[in-house]
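Structure data follow from start36.cif (mmCIF, C-alpha atoms):
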data_structure
#
loop_
_atom_site.label_atom_id
_atom_site.label_comp_id
_atom_site.auth_asym_id
_atom_site.auth_seq_id
_atom_site.Cartn_x
_atom_site.Cartn_y
_atom_site.Cartn_z
CA MET G 1 27.25 32.33 -20.21
CA LEU G 2 25.66 29.09 -19.01
CA ALA G 3 24.58 26.60 -21.65
CA ALA G 4 20.87 26.05 -22.02
CA HIS G 5 19.32 23.05 -20.29
CA PRO G 6 20.09 20.00 -22.48
CA LEU G 7 16.52 18.63 -22.38
CA LEU G 8 14.49 21.80 -22.16
CA GLY G 9 16.35 24.90 -23.26
CA GLU G 10 13.24 26.85 -24.22
CA ILE G 11 9.57 26.05 -23.77
CA ASP G 12 6.19 27.74 -24.04
CA VAL G 13 5.17 26.97 -20.45
CA LEU G 14 7.30 25.69 -17.58
CA VAL G 15 5.37 24.18 -14.67
CA ILE G 16 7.36 24.06 -11.45
CA GLY G 17 6.09 21.18 -9.34
CA GLY G 18 5.30 17.69 -10.59
CA GLY G 19 2.57 16.69 -8.16
CA VAL G 20 -1.05 16.11 -9.08
CA VAL G 21 -1.68 19.82 -9.74
CA GLY G 22 1.38 20.50 -11.88
CA SER G 23 1.06 17.23 -13.79
CA CYS G 24 -2.65 17.67 -14.55
CA LEU G 25 -2.10 21.30 -15.54
CA ALA G 26 0.64 20.25 -17.96
CA GLY G 27 -1.66 17.61 -19.42
CA PHE G 28 -4.56 19.99 -19.96
CA LEU G 29 -2.28 22.49 -21.71
CA ALA G 30 -0.53 19.84 -23.81
CA GLU G 31 -3.91 18.59 -25.05
CA GLU G 32 -4.40 22.05 -26.55
CA GLY G 33 -1.06 22.01 -28.35
CA VAL G 34 0.91 24.07 -25.83
CA GLY G 35 4.56 23.09 -25.42
CA VAL G 36 4.92 22.22 -21.73
CA GLY G 37 7.76 21.15 -19.48
CA VAL G 38 7.46 20.09 -15.84
CA ILE G 39 10.34 20.36 -13.40
CA ASP G 40 10.20 18.66 -10.02
CA ASP G 41 12.81 18.38 -7.29
CA GLY G 42 11.80 14.83 -6.38
CA ARG G 43 11.32 15.58 -2.71
CA ILE G 44 8.59 13.66 -0.90
CA GLY G 45 5.87 16.23 -0.45
CA GLY G 46 2.14 16.27 -1.07
CA SER G 47 0.97 14.15 -3.99
CA ASN G 48 3.62 11.44 -3.68
CA ALA G 49 2.86 11.00 0.02
CA ASN G 50 -0.91 11.53 0.00
CA ALA G 51 -3.26 9.25 1.90
CA GLY G 52 -6.08 9.34 -0.67
CA SER G 53 -8.92 11.09 1.17
CA LEU G 54 -11.42 13.03 -0.94
CA HIS G 55 -12.51 15.65 1.57
CA VAL G 56 -15.62 17.76 1.14
CA GLN G 57 -16.96 18.80 4.55
CA MET G 58 -14.96 21.33 6.54
CA GLN G 59 -12.30 19.52 8.53
CA SER G 60 -12.53 20.20 12.24
CA ARG G 61 -8.73 20.00 12.56
CA PHE G 62 -8.23 23.02 10.30
CA MET G 63 -11.05 24.88 12.04
CA ARG G 64 -9.34 24.41 15.40
CA LEU G 65 -5.81 25.14 14.23
CA TYR G 66 -6.64 28.10 11.99
CA PRO G 67 -9.89 29.73 13.19
CA GLU G 68 -8.94 32.89 11.31
CA ASN G 69 -9.09 30.86 8.08
CA VAL G 70 -12.67 29.63 8.52
CA PRO G 71 -14.18 32.39 6.33
CA GLY G 72 -11.75 31.41 3.58
CA MET G 73 -12.61 27.72 4.03
CA GLU G 74 -16.30 28.54 3.68
CA GLN G 75 -15.61 30.57 0.55
CA GLN G 76 -13.79 27.64 -1.04
CA LEU G 77 -16.18 24.95 0.25
CA PRO G 78 -18.42 24.81 -2.88
CA LEU G 79 -15.36 23.77 -4.92
CA TYR G 80 -14.92 20.54 -2.97
CA PRO G 81 -17.91 18.53 -4.29
CA ARG G 82 -17.02 19.81 -7.77
CA GLY G 83 -13.44 18.67 -7.17
CA VAL G 84 -14.63 15.16 -6.33
CA ARG G 85 -16.81 15.04 -9.45
CA PHE G 86 -13.80 16.20 -11.45
CA TRP G 87 -11.80 13.26 -10.10
CA GLN G 88 -14.54 10.92 -11.30
CA ALA G 89 -14.46 12.52 -14.76
CA LEU G 90 -10.65 12.31 -14.88
CA GLN G 91 -10.74 8.61 -14.06
CA ALA G 92 -13.16 8.04 -16.94
CA LYS G 93 -11.15 10.30 -19.27
CA LEU G 94 -7.91 8.40 -18.65
CA GLY G 95 -9.59 4.99 -18.74
CA SER G 96 -7.72 4.03 -15.58
CA GLU G 97 -8.77 2.50 -12.29
CA PHE G 98 -8.09 4.81 -9.34
CA ASP G 99 -9.90 2.63 -6.75
CA LEU G 100 -12.17 5.66 -6.42
CA LYS G 101 -15.13 5.00 -4.14
CA MET G 102 -17.86 7.52 -3.36
CA THR G 103 -19.37 5.99 -0.23
CA GLY G 104 -19.58 9.12 1.93
CA GLY G 105 -17.61 10.29 4.92
CA PHE G 106 -18.26 10.32 8.67
CA MET G 107 -17.04 12.87 11.18
CA VAL G 108 -17.61 11.15 14.51
CA ALA G 109 -18.37 12.58 17.94
CA GLU G 110 -17.61 11.10 21.36
CA SER G 111 -19.61 13.56 23.47
CA GLN G 112 -22.72 15.71 23.29
CA ASP G 113 -20.55 18.83 23.03
CA GLN G 114 -18.80 17.40 19.98
CA LEU G 115 -22.12 16.38 18.45
CA ASP G 116 -23.50 19.89 19.05
CA PHE G 117 -20.43 21.31 17.26
CA LEU G 118 -21.16 19.02 14.31
CA LYS G 119 -24.80 20.14 14.22
CA VAL G 120 -23.76 23.78 13.94
CA LYS G 121 -21.14 22.94 11.31
CA ALA G 122 -23.62 20.85 9.31
CA ARG G 123 -26.19 23.65 9.32
CA ARG G 124 -23.67 26.04 7.81
CA GLU G 125 -22.46 23.46 5.28
CA ARG G 126 -26.01 22.82 4.09
CA GLU G 127 -26.39 26.57 3.54
CA LEU G 128 -23.29 26.36 1.33
CA GLY G 129 -24.69 23.49 -0.71
CA LEU G 130 -23.28 20.32 0.88
CA ASP G 131 -25.26 17.12 1.35
CA VAL G 132 -24.76 16.46 5.08
CA GLU G 133 -26.83 15.04 7.93
CA ILE G 134 -26.40 14.24 11.62
CA LEU G 135 -26.77 10.59 12.63
CA ASP G 136 -27.38 9.18 16.11
CA ARG G 137 -25.68 6.06 17.41
CA ALA G 138 -28.57 3.76 16.54
CA THR G 139 -28.44 4.86 12.90
CA LEU G 140 -24.65 4.50 12.86
CA ASP G 141 -24.96 0.93 14.11
CA ARG G 142 -27.03 0.08 11.04
CA ILE G 143 -24.71 1.81 8.55
CA ALA G 144 -21.27 1.39 10.15
CA PRO G 145 -21.34 -1.29 12.86
CA TYR G 146 -17.57 -1.21 13.23
CA PHE G 147 -17.43 1.89 15.47
CA GLY G 148 -16.36 1.44 19.08
CA PRO G 149 -18.57 2.26 22.08
CA ALA G 150 -17.08 5.73 22.57
CA VAL G 151 -18.76 7.08 19.42
CA VAL G 152 -22.15 8.68 20.18
CA GLY G 153 -23.04 10.03 16.74
CA ALA G 154 -21.60 11.49 13.56
CA GLU G 155 -22.02 13.88 10.68
CA LEU G 156 -22.36 12.08 7.34
CA CYS G 157 -21.26 13.90 4.18
CA ALA G 158 -22.55 12.01 1.15
CA ASN G 159 -20.17 13.79 -1.24
CA GLU G 160 -16.97 12.41 0.30
CA GLY G 161 -14.93 9.45 -0.85
CA LYS G 162 -11.48 7.97 -1.21
CA LEU G 163 -9.03 6.76 -3.84
CA ASP G 164 -5.63 5.14 -4.15
CA PRO G 165 -3.15 7.96 -4.91
CA LEU G 166 -0.47 5.52 -6.09
CA LEU G 167 -2.76 4.35 -8.89
CA CYS G 168 -3.79 7.92 -9.68
CA ASN G 169 -0.27 9.29 -9.85
CA VAL G 170 0.93 6.52 -12.16
CA ALA G 171 -2.02 6.99 -14.53
CA ILE G 172 -1.58 10.77 -14.67
CA ARG G 173 2.14 10.44 -15.32
CA ARG G 174 1.48 7.97 -18.14
CA TRP G 175 -1.12 10.32 -19.65
CA ILE G 176 1.09 13.40 -19.77
CA LYS G 177 4.08 11.50 -21.13
CA GLY G 178 1.85 10.27 -23.94
CA LEU G 179 1.02 13.91 -24.71
CA GLY G 180 4.69 14.80 -25.09
CA VAL G 181 5.11 16.72 -21.84
CA VAL G 182 8.82 16.87 -20.97
CA LEU G 183 9.46 15.81 -17.37
CA LEU G 184 12.57 16.90 -15.51
CA GLU G 185 12.57 14.85 -12.33
CA ASN G 186 14.83 15.07 -9.28
CA GLU G 187 15.92 18.49 -10.48
CA PRO G 188 15.22 21.53 -8.30
CA ALA G 189 14.24 24.81 -9.89
CA GLY G 190 16.52 27.66 -8.88
CA ARG G 191 16.18 31.39 -9.21
CA ILE G 192 13.46 32.72 -11.53
CA GLN G 193 14.31 35.87 -13.45
CA ARG G 194 12.30 38.05 -15.77
CA GLU G 195 13.80 38.13 -19.26
CA GLY G 196 11.97 40.26 -21.82
CA ALA G 197 8.38 39.08 -22.03
CA GLY G 198 9.33 35.68 -20.60
CA PHE G 199 11.38 34.08 -17.86
CA THR G 200 14.64 32.27 -17.20
CA VAL G 201 14.69 29.57 -14.54
CA GLN G 202 18.10 28.44 -13.31
CA THR G 203 18.82 24.75 -12.73
CA ASP G 204 22.00 22.80 -11.97
CA ARG G 205 22.05 21.58 -15.58
CA GLY G 206 21.56 24.95 -17.21
CA PRO G 207 18.90 27.65 -17.59
CA ILE G 208 15.42 27.07 -18.95
CA LYS G 209 13.74 29.83 -20.94
CA ALA G 210 9.96 29.89 -20.80
CA GLY G 211 7.29 32.18 -22.14
CA ARG G 212 5.18 31.57 -19.03
CA VAL G 213 5.84 29.96 -15.65
CA VAL G 214 3.40 28.22 -13.31
CA LEU G 215 4.16 27.84 -9.61
CA ALA G 216 2.59 24.51 -8.64
CA ALA G 217 5.09 23.50 -5.97
CA GLY G 218 2.80 23.83 -2.95
CA SER G 219 4.55 25.52 -0.04
CA GLY G 220 7.76 25.56 -2.08
CA SER G 221 6.13 28.20 -4.29
CA THR G 222 6.67 30.82 -1.61
CA ASP G 223 10.45 31.08 -2.07
CA LEU G 224 10.17 30.84 -5.86
CA ALA G 225 7.68 33.70 -5.98
CA ARG G 226 9.89 35.81 -3.74
CA ASP G 227 12.54 35.87 -6.49
CA LEU G 228 10.13 38.00 -8.50
CA GLY G 229 9.00 40.19 -5.62
CA VAL G 230 5.71 38.31 -5.21
CA ALA G 231 4.20 37.31 -1.86
CA ILE G 232 2.49 33.91 -1.64
CA PRO G 233 2.29 32.94 2.06
CA ALA G 234 2.02 29.17 1.65
CA ARG G 235 3.13 27.24 4.73
CA PRO G 236 4.43 23.66 4.82
CA GLU G 237 2.69 21.41 7.33
CA PRO G 238 4.50 18.06 7.68
CA LEU G 239 2.08 15.28 8.63
CA HIS G 240 2.26 11.63 9.64
CA MET G 241 0.57 8.59 7.99
CA ASN G 242 0.44 4.80 8.38
CA ILE G 243 -0.89 1.81 6.47
CA THR G 244 -1.78 -1.62 7.83
CA GLU G 245 -1.59 -5.08 6.40
CA ALA G 246 -4.60 -6.18 4.35
CA THR G 247 -7.73 -7.45 6.03
CA MET G 248 -11.29 -8.35 5.10
CA PRO G 249 -13.63 -5.52 3.98
CA LEU G 250 -14.40 -3.57 7.14
CA ILE G 251 -14.46 0.22 6.73
CA GLY G 252 -16.65 1.42 3.90
CA HIS G 253 -16.42 5.16 4.49
CA LEU G 254 -13.92 7.95 5.01
CA ILE G 255 -13.73 8.58 8.77
CA GLN G 256 -12.74 11.77 10.59
CA HIS G 257 -13.28 13.08 14.11
CA ALA G 258 -15.04 16.17 15.43
CA ASP G 259 -12.29 17.05 17.89
CA ARG G 260 -9.28 14.80 17.37
CA MET G 261 -6.80 14.19 14.57
CA ILE G 262 -7.73 11.07 12.63
CA THR G 263 -8.63 9.85 9.17
CA LEU G 264 -9.36 6.23 8.40
CA LYS G 265 -10.12 4.58 5.08
CA GLN G 266 -9.76 1.11 3.60
CA LEU G 267 -8.28 0.69 0.13
CA GLY G 268 -9.44 -1.88 -2.40
CA THR G 269 -6.34 -3.89 -1.47
CA GLY G 270 -7.81 -4.38 2.01
CA GLN G 271 -5.16 -2.21 3.67
CA ILE G 272 -6.29 0.52 6.06
CA VAL G 273 -4.71 3.96 5.81
CA ILE G 274 -4.48 5.83 9.11
CA GLY G 275 -3.72 9.54 9.04
CA GLY G 276 -5.45 12.73 10.01
CA GLY G 277 -2.93 15.39 10.85
CA TRP G 278 -0.54 14.12 13.50
CA PRO G 279 2.66 16.15 13.10
CA ALA G 280 5.87 15.11 11.43
CA ARG G 281 8.99 17.26 11.11
CA LEU G 282 11.14 18.69 8.32
CA THR G 283 14.79 17.67 8.44
CA GLY G 284 17.94 18.38 6.47
CA GLY G 285 18.81 21.23 4.17
CA ARG G 286 16.01 20.36 1.74
CA GLY G 287 13.40 19.91 4.44
CA TYR G 288 12.48 16.24 4.03
CA PRO G 289 9.31 15.23 5.93
CA THR G 290 10.30 12.76 8.65
CA VAL G 291 8.14 10.67 10.96
CA GLU G 292 7.80 11.22 14.70
CA LEU G 293 7.48 8.17 16.97
CA ALA G 294 5.04 10.00 19.24
CA SER G 295 2.73 10.68 16.29
CA LEU G 296 2.86 7.05 15.18
CA ILE G 297 1.84 5.83 18.64
CA ALA G 298 -0.89 8.44 19.12
CA ASN G 299 -2.28 8.01 15.61
CA VAL G 300 -2.73 4.23 15.74
CA THR G 301 -3.94 4.35 19.37
CA LEU G 302 -6.73 6.72 18.42
CA ALA G 303 -7.56 4.66 15.32
CA GLN G 304 -8.18 1.46 17.30
CA HIS G 305 -10.12 3.45 19.89
CA ILE G 306 -12.54 4.58 17.17
CA VAL G 307 -12.60 1.22 15.32
CA PRO G 308 -11.51 -1.49 17.81
CA ARG G 309 -11.60 -4.26 15.20
CA ILE G 310 -8.42 -2.96 13.57
CA ALA G 311 -6.39 -3.44 16.77
CA PRO G 312 -4.87 -6.83 15.76
CA LEU G 313 -3.60 -5.53 12.43
CA ARG G 314 0.09 -4.84 11.91
CA VAL G 315 1.29 -1.48 10.64
CA ILE G 316 3.50 -2.34 7.66
CA ARG G 317 4.61 1.14 6.67
CA THR G 318 4.68 4.62 8.11
CA TRP G 319 5.70 7.82 6.34
CA ALA G 320 5.40 11.61 6.36
CA GLY G 321 4.24 14.10 3.77
CA ILE G 322 3.58 17.82 3.49
CA ASN G 323 0.24 19.60 3.45
CA THR G 324 0.22 23.18 2.18
CA SER G 325 -1.81 25.75 4.08
CA VAL G 326 -2.47 29.32 2.98
CA ASP G 327 -5.48 31.24 4.32
CA GLY G 328 -8.24 28.68 3.88
CA ARG G 329 -8.35 29.31 0.14
CA GLY G 330 -6.26 28.24 -2.81
CA VAL G 331 -4.07 30.54 -4.90
CA LEU G 332 -5.15 30.22 -8.52
CA GLY G 333 -4.47 32.38 -11.54
CA GLU G 334 -2.12 34.95 -12.97
CA VAL G 335 0.02 37.12 -10.73
CA GLY G 336 -1.09 40.57 -11.84
CA GLN G 337 2.14 42.40 -11.10
CA VAL G 338 4.18 39.82 -13.08
CA PRO G 339 2.36 39.03 -16.36
CA GLY G 340 2.97 35.46 -17.49
CA LEU G 341 3.51 34.15 -13.96
CA PHE G 342 0.71 31.91 -12.67
CA ALA G 343 0.03 30.18 -9.35
CA ALA G 344 -1.72 26.82 -9.00
CA ILE G 345 -1.91 26.04 -5.28
CA PRO G 346 -5.17 24.44 -4.07
CA GLY G 347 -4.55 25.07 -0.38
CA ASP G 348 -5.67 22.74 2.43
CA ALA G 349 -6.82 19.27 1.29
CA GLY G 350 -5.08 20.04 -1.96
CA TYR G 351 -5.21 16.51 -3.40
CA THR G 352 -9.01 16.65 -3.47
CA LEU G 353 -8.94 19.92 -5.39
CA GLY G 354 -5.81 19.13 -7.41
CA PRO G 355 -7.19 18.24 -10.86
CA LEU G 356 -10.00 20.82 -10.68
CA SER G 357 -7.56 23.56 -9.64
CA ALA G 358 -5.23 22.56 -12.47
CA HIS G 359 -8.10 22.74 -14.97
CA ILE G 360 -9.17 26.18 -13.73
CA VAL G 361 -5.66 27.60 -14.15
CA ALA G 362 -5.22 25.89 -17.53
CA GLN G 363 -8.43 27.47 -18.79
CA LEU G 364 -7.25 30.89 -17.63
CA MET G 365 -3.94 30.39 -19.43
CA LEU G 366 -5.82 29.43 -22.59
CA GLY G 367 -7.89 32.61 -22.38
CA ARG G 368 -11.11 30.76 -21.57
CA ASP G 369 -13.80 31.05 -18.92
CA PRO G 370 -12.85 28.53 -16.21
CA GLY G 371 -16.46 28.09 -15.19
CA GLU G 372 -15.78 29.34 -11.66
CA ASP G 373 -15.49 32.73 -10.03
CA VAL G 374 -11.77 32.73 -9.34
CA SER G 375 -11.54 36.22 -7.88
CA PRO G 376 -11.50 34.97 -4.25
CA PHE G 377 -8.46 32.82 -5.09
CA SER G 378 -6.45 35.45 -6.95
CA PRO G 379 -2.74 35.76 -6.05
CA GLY G 380 -3.35 39.51 -6.08
CA ARG G 381 -4.94 39.39 -2.65
CA PHE G 382 -1.46 39.20 -1.13
CA ALA G 383 -0.08 42.19 -3.04
CA PRO G 384 0.83 45.28 -0.99
CA GLY G 385 -2.21 47.46 -0.47
CA ALA G 386 -4.66 44.75 -1.63
#

With the file now loaded, output its structure as structure tokens.
Amino acid sequence: MLAAHPLLGEIDVLVIGGGVVGSCLAGFLAEEGVGVGVIDDGRIGGSNANAGSLHVQMQSRFMRLYPENVPGMEQQLPLYPRGVRFWQALQAKLGSEFDLKMTGGFMVAESQDQLDFLKVKARRERELGLDVEILDRATLDRIAPYFGPAVVGAELCANEGKLDPLLCNVAIRRWIKGLGVVLLENEPAGRIQREGAGFTVQTDRGPIKAGRVVLAAGSGSTDLARDLGVAIPARPEPLHMNITEATMPLIGHLIQHADRMITLKQLGTGQIVIGGGWPARLTGGRGYPTVELASLIANVTLAQHIVPRIAPLRVIRTWAGINTSVDGRGVLGEVGQVPGLFAAIPGDAGYTLGPLSAHIVAQLMLGRDPGEDVSPFSPGRFAPGA
């Protein structure tokens, strides 16, 4: 018989996945006196590679790539402004500076067809409670004079913003350690088995026994759930990002595009983060996200096309991360066919919804009303015959 794990032989709740969702979930439970351990394989993935956008409006990239998911996106859309407000509350709660700025976000158009698409999108988003408006070029010139001549107009979402994920992740990690959460880093979780009313999770250093288990490993949750006969169709989407050297204050908003893959934002350090969905690839046995030269070139070319004044800046770092896509909605709550097993997967733009999603699942685990109708996000929707 294998010896128990030396640091965490038995625990009330084991959270698998140490990103923003798993870490915040552990913190919320630990605050209520629950014994919590977090295990994370240390692979670069979502939270530790995030670019820091706080998305609210529906992203045109996802609408183009996954048109079948648009109804799910619309169903989840009201959570996004709440998710941003939750980030603001978390920053105040932790007494830390996240470089969180709520200055709004543009989705720009370069043609009348693109602007017409944004008008239709904005009409639907207003019906769902978002604060959005369509701006012509003359108005843009007054608010954001840095746009290049190709931009003819934009949709402005007042609820959007940006933050520095490096600052956030450090503050959250410090918070949960102070609460006594046990962190097992660079240690993959192996097979999950049902044992009595609880679970045993295999690791290279020995098994961990837990009364309850939370799958908060993004797309990695799919294989873990399969061990218990549970379907969670979460797909990994490796994406490319860049950051420039620091420059004077220039871009005050989050920037996206109506038809092309781009996000632009400027951090408080003066550096400009360029992302937006250009593909990376997964390599090696553990599927590490790896940059693609073609994506680097295309990404920065488009960025300077939209904002020509960034053209002289040097790119000082480029990297890849993993977005998790499901069906336009997150997967939140208890897995009905396996009592004690919970999922905490926000879905697309998961960093924005990370802390709020963690709080919702924590409240469910504590037997409380999460304050949201979570039925559309139930893991049970993937069960056979659902």

Counting only C-alpha atoms, what are the residues of range 125-242 of chain G within 9 Å of range 62-78 of chain G, and for each of them which pair of atoms is the nearest and at what distance in Å, to one decimal? Sort the table by chain and rising number, as a tab-separated table.
residue	atom	partner	partner_atom	distance
G:Glu125	CA	G:Glu74	CA	8.1
G:Leu128	CA	G:Pro78	CA	6.6
G:Gly129	CA	G:Pro78	CA	6.8
G:Leu130	CA	G:Pro78	CA	7.6

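Selection check: the PyMOL selection byres ((chain G and resi 109) around 7) on the shown file gives G:Met107, G:Val108, G:Glu110, G:Ser111, G:Gln114, G:Leu115, G:Val151, G:Val152, G:Gly153, G:Ala154, G:His257, G:Ala258.
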
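Minimum atom-to-atom distances from G:Ser219, G:Thr318, G:Thr247, G:Gln112 to Gly287 in chain G were compared using all atoms listed in the file, and the lowest value belongs to G:Ser219.
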
Please write as a PyMOL selection string the full residue list that the PyMOL selection byres ((chain G and resi 361) around 9) yields on this file. chain G and resi 25+332-334+342-344+356-360+362-366+370

Could you state the separation of CA of Ala144 in chain G and CA of Lys101 in chain G in Å, given to one decimal place? 16.0 Å

Please provide as a ChimeraX atom specification all residues within 12 Å of Gly19 in chain G, with the sequence filter that same-chain residues fewer than 4 positions apart are discarded (counting only C-alpha atoms). /G:15,23-26,38-50,165-166,168-170,172-173,183,185,215-218,220,322,344-346,350-351,354-355,358

Add whatever atoms are absent from range 96-120 of chain G to reach N, CA and C atoms, and provide the output as a JSON list (two decimals), in the coordinates of the input.
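So rebuild-v2.json came out as:
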[["chain", "number", "residue", "atom", "x", "y", "z"],
["G", 96, "SER", "N", -8.54, 4.71, -16.59],
["G", 96, "SER", "CA", -7.72, 4.03, -15.58],
["G", 96, "SER", "C", -8.54, 3.78, -14.33],
["G", 97, "GLU", "N", -8.12, 2.81, -13.55],
["G", 97, "GLU", "CA", -8.77, 2.50, -12.29],
["G", 97, "GLU", "C", -8.02, 3.16, -11.15],
["G", 98, "PHE", "N", -8.69, 4.08, -10.47],
["G", 98, "PHE", "CA", -8.09, 4.81, -9.34],
["G", 98, "PHE", "C", -8.50, 4.21, -8.00],
["G", 99, "ASP", "N", -9.30, 3.13, -7.99],
["G", 99, "ASP", "CA", -9.90, 2.63, -6.75],
["G", 99, "ASP", "C", -10.69, 3.74, -6.07],
["G", 100, "LEU", "N", -11.40, 4.52, -6.91],
["G", 100, "LEU", "CA", -12.17, 5.66, -6.42],
["G", 100, "LEU", "C", -13.54, 5.18, -5.97],
["G", 101, "LYS", "N", -13.86, 5.42, -4.71],
["G", 101, "LYS", "CA", -15.13, 5.00, -4.14],
["G", 101, "LYS", "C", -15.83, 6.21, -3.51],
["G", 102, "MET", "N", -17.08, 6.43, -3.91],
["G", 102, "MET", "CA", -17.86, 7.52, -3.36],
["G", 102, "MET", "C", -18.91, 6.96, -2.41],
["G", 103, "THR", "N", -18.48, 6.62, -1.21],
["G", 103, "THR", "CA", -19.37, 5.99, -0.23],
["G", 103, "THR", "C", -19.74, 6.92, 0.92],
["G", 104, "GLY", "N", -19.28, 8.17, 0.86],
["G", 104, "GLY", "CA", -19.58, 9.12, 1.93],
["G", 104, "GLY", "C", -18.52, 9.12, 3.02],
["G", 105, "GLY", "N", -18.58, 10.15, 3.85],
["G", 105, "GLY", "CA", -17.61, 10.29, 4.92],
["G", 105, "GLY", "C", -18.25, 10.66, 6.24],
["G", 106, "PHE", "N", -17.78, 10.02, 7.33],
["G", 106, "PHE", "CA", -18.26, 10.32, 8.67],
["G", 106, "PHE", "C", -17.29, 11.24, 9.38],
["G", 107, "MET", "N", -17.82, 12.18, 10.17],
["G", 107, "MET", "CA", -17.04, 12.87, 11.18],
["G", 107, "MET", "C", -17.70, 12.53, 12.51],
["G", 108, "VAL", "N", -16.99, 11.74, 13.33],
["G", 108, "VAL", "CA", -17.61, 11.15, 14.51],
["G", 108, "VAL", "C", -17.45, 12.03, 15.73],
["G", 109, "ALA", "N", -18.39, 11.86, 16.67],
["G", 109, "ALA", "CA", -18.37, 12.58, 17.94],
["G", 109, "ALA", "C", -18.36, 11.58, 19.09],
["G", 110, "GLU", "N", -17.65, 11.95, 20.17],
["G", 110, "GLU", "CA", -17.61, 11.10, 21.36],
["G", 110, "GLU", "C", -18.30, 11.74, 22.55],
["G", 111, "SER", "N", -18.92, 12.89, 22.37],
["G", 111, "SER", "CA", -19.61, 13.56, 23.47],
["G", 111, "SER", "C", -20.73, 14.41, 22.89],
["G", 112, "GLN", "N", -21.63, 14.85, 23.75],
["G", 112, "GLN", "CA", -22.72, 15.71, 23.29],
["G", 112, "GLN", "C", -22.18, 17.04, 22.81],
["G", 113, "ASP", "N", -21.14, 17.56, 23.48],
["G", 113, "ASP", "CA", -20.55, 18.83, 23.03],
["G", 113, "ASP", "C", -20.01, 18.70, 21.61],
["G", 114, "GLN", "N", -19.32, 17.60, 21.33],
["G", 114, "GLN", "CA", -18.80, 17.40, 19.98],
["G", 114, "GLN", "C", -19.93, 17.25, 18.96],
["G", 115, "LEU", "N", -21.00, 16.55, 19.35],
["G", 115, "LEU", "CA", -22.12, 16.38, 18.45],
["G", 115, "LEU", "C", -22.82, 17.72, 18.19],
["G", 116, "ASP", "N", -22.91, 18.56, 19.23],
["G", 116, "ASP", "CA", -23.50, 19.89, 19.05],
["G", 116, "ASP", "C", -22.65, 20.73, 18.09],
["G", 117, "PHE", "N", -21.32, 20.62, 18.20],
["G", 117, "PHE", "CA", -20.43, 21.31, 17.26],
["G", 117, "PHE", "C", -20.72, 20.86, 15.83],
["G", 118, "LEU", "N", -20.89, 19.54, 15.64],
["G", 118, "LEU", "CA", -21.16, 19.02, 14.31],
["G", 118, "LEU", "C", -22.51, 19.51, 13.79],
["G", 119, "LYS", "N", -23.48, 19.65, 14.65],
["G", 119, "LYS", "CA", -24.80, 20.14, 14.22],
["G", 119, "LYS", "C", -24.70, 21.57, 13.70],
["G", 120, "VAL", "N", -23.94, 22.40, 14.40],
["G", 120, "VAL", "CA", -23.76, 23.78, 13.94],
["G", 120, "VAL", "C", -22.99, 23.81, 12.62]]
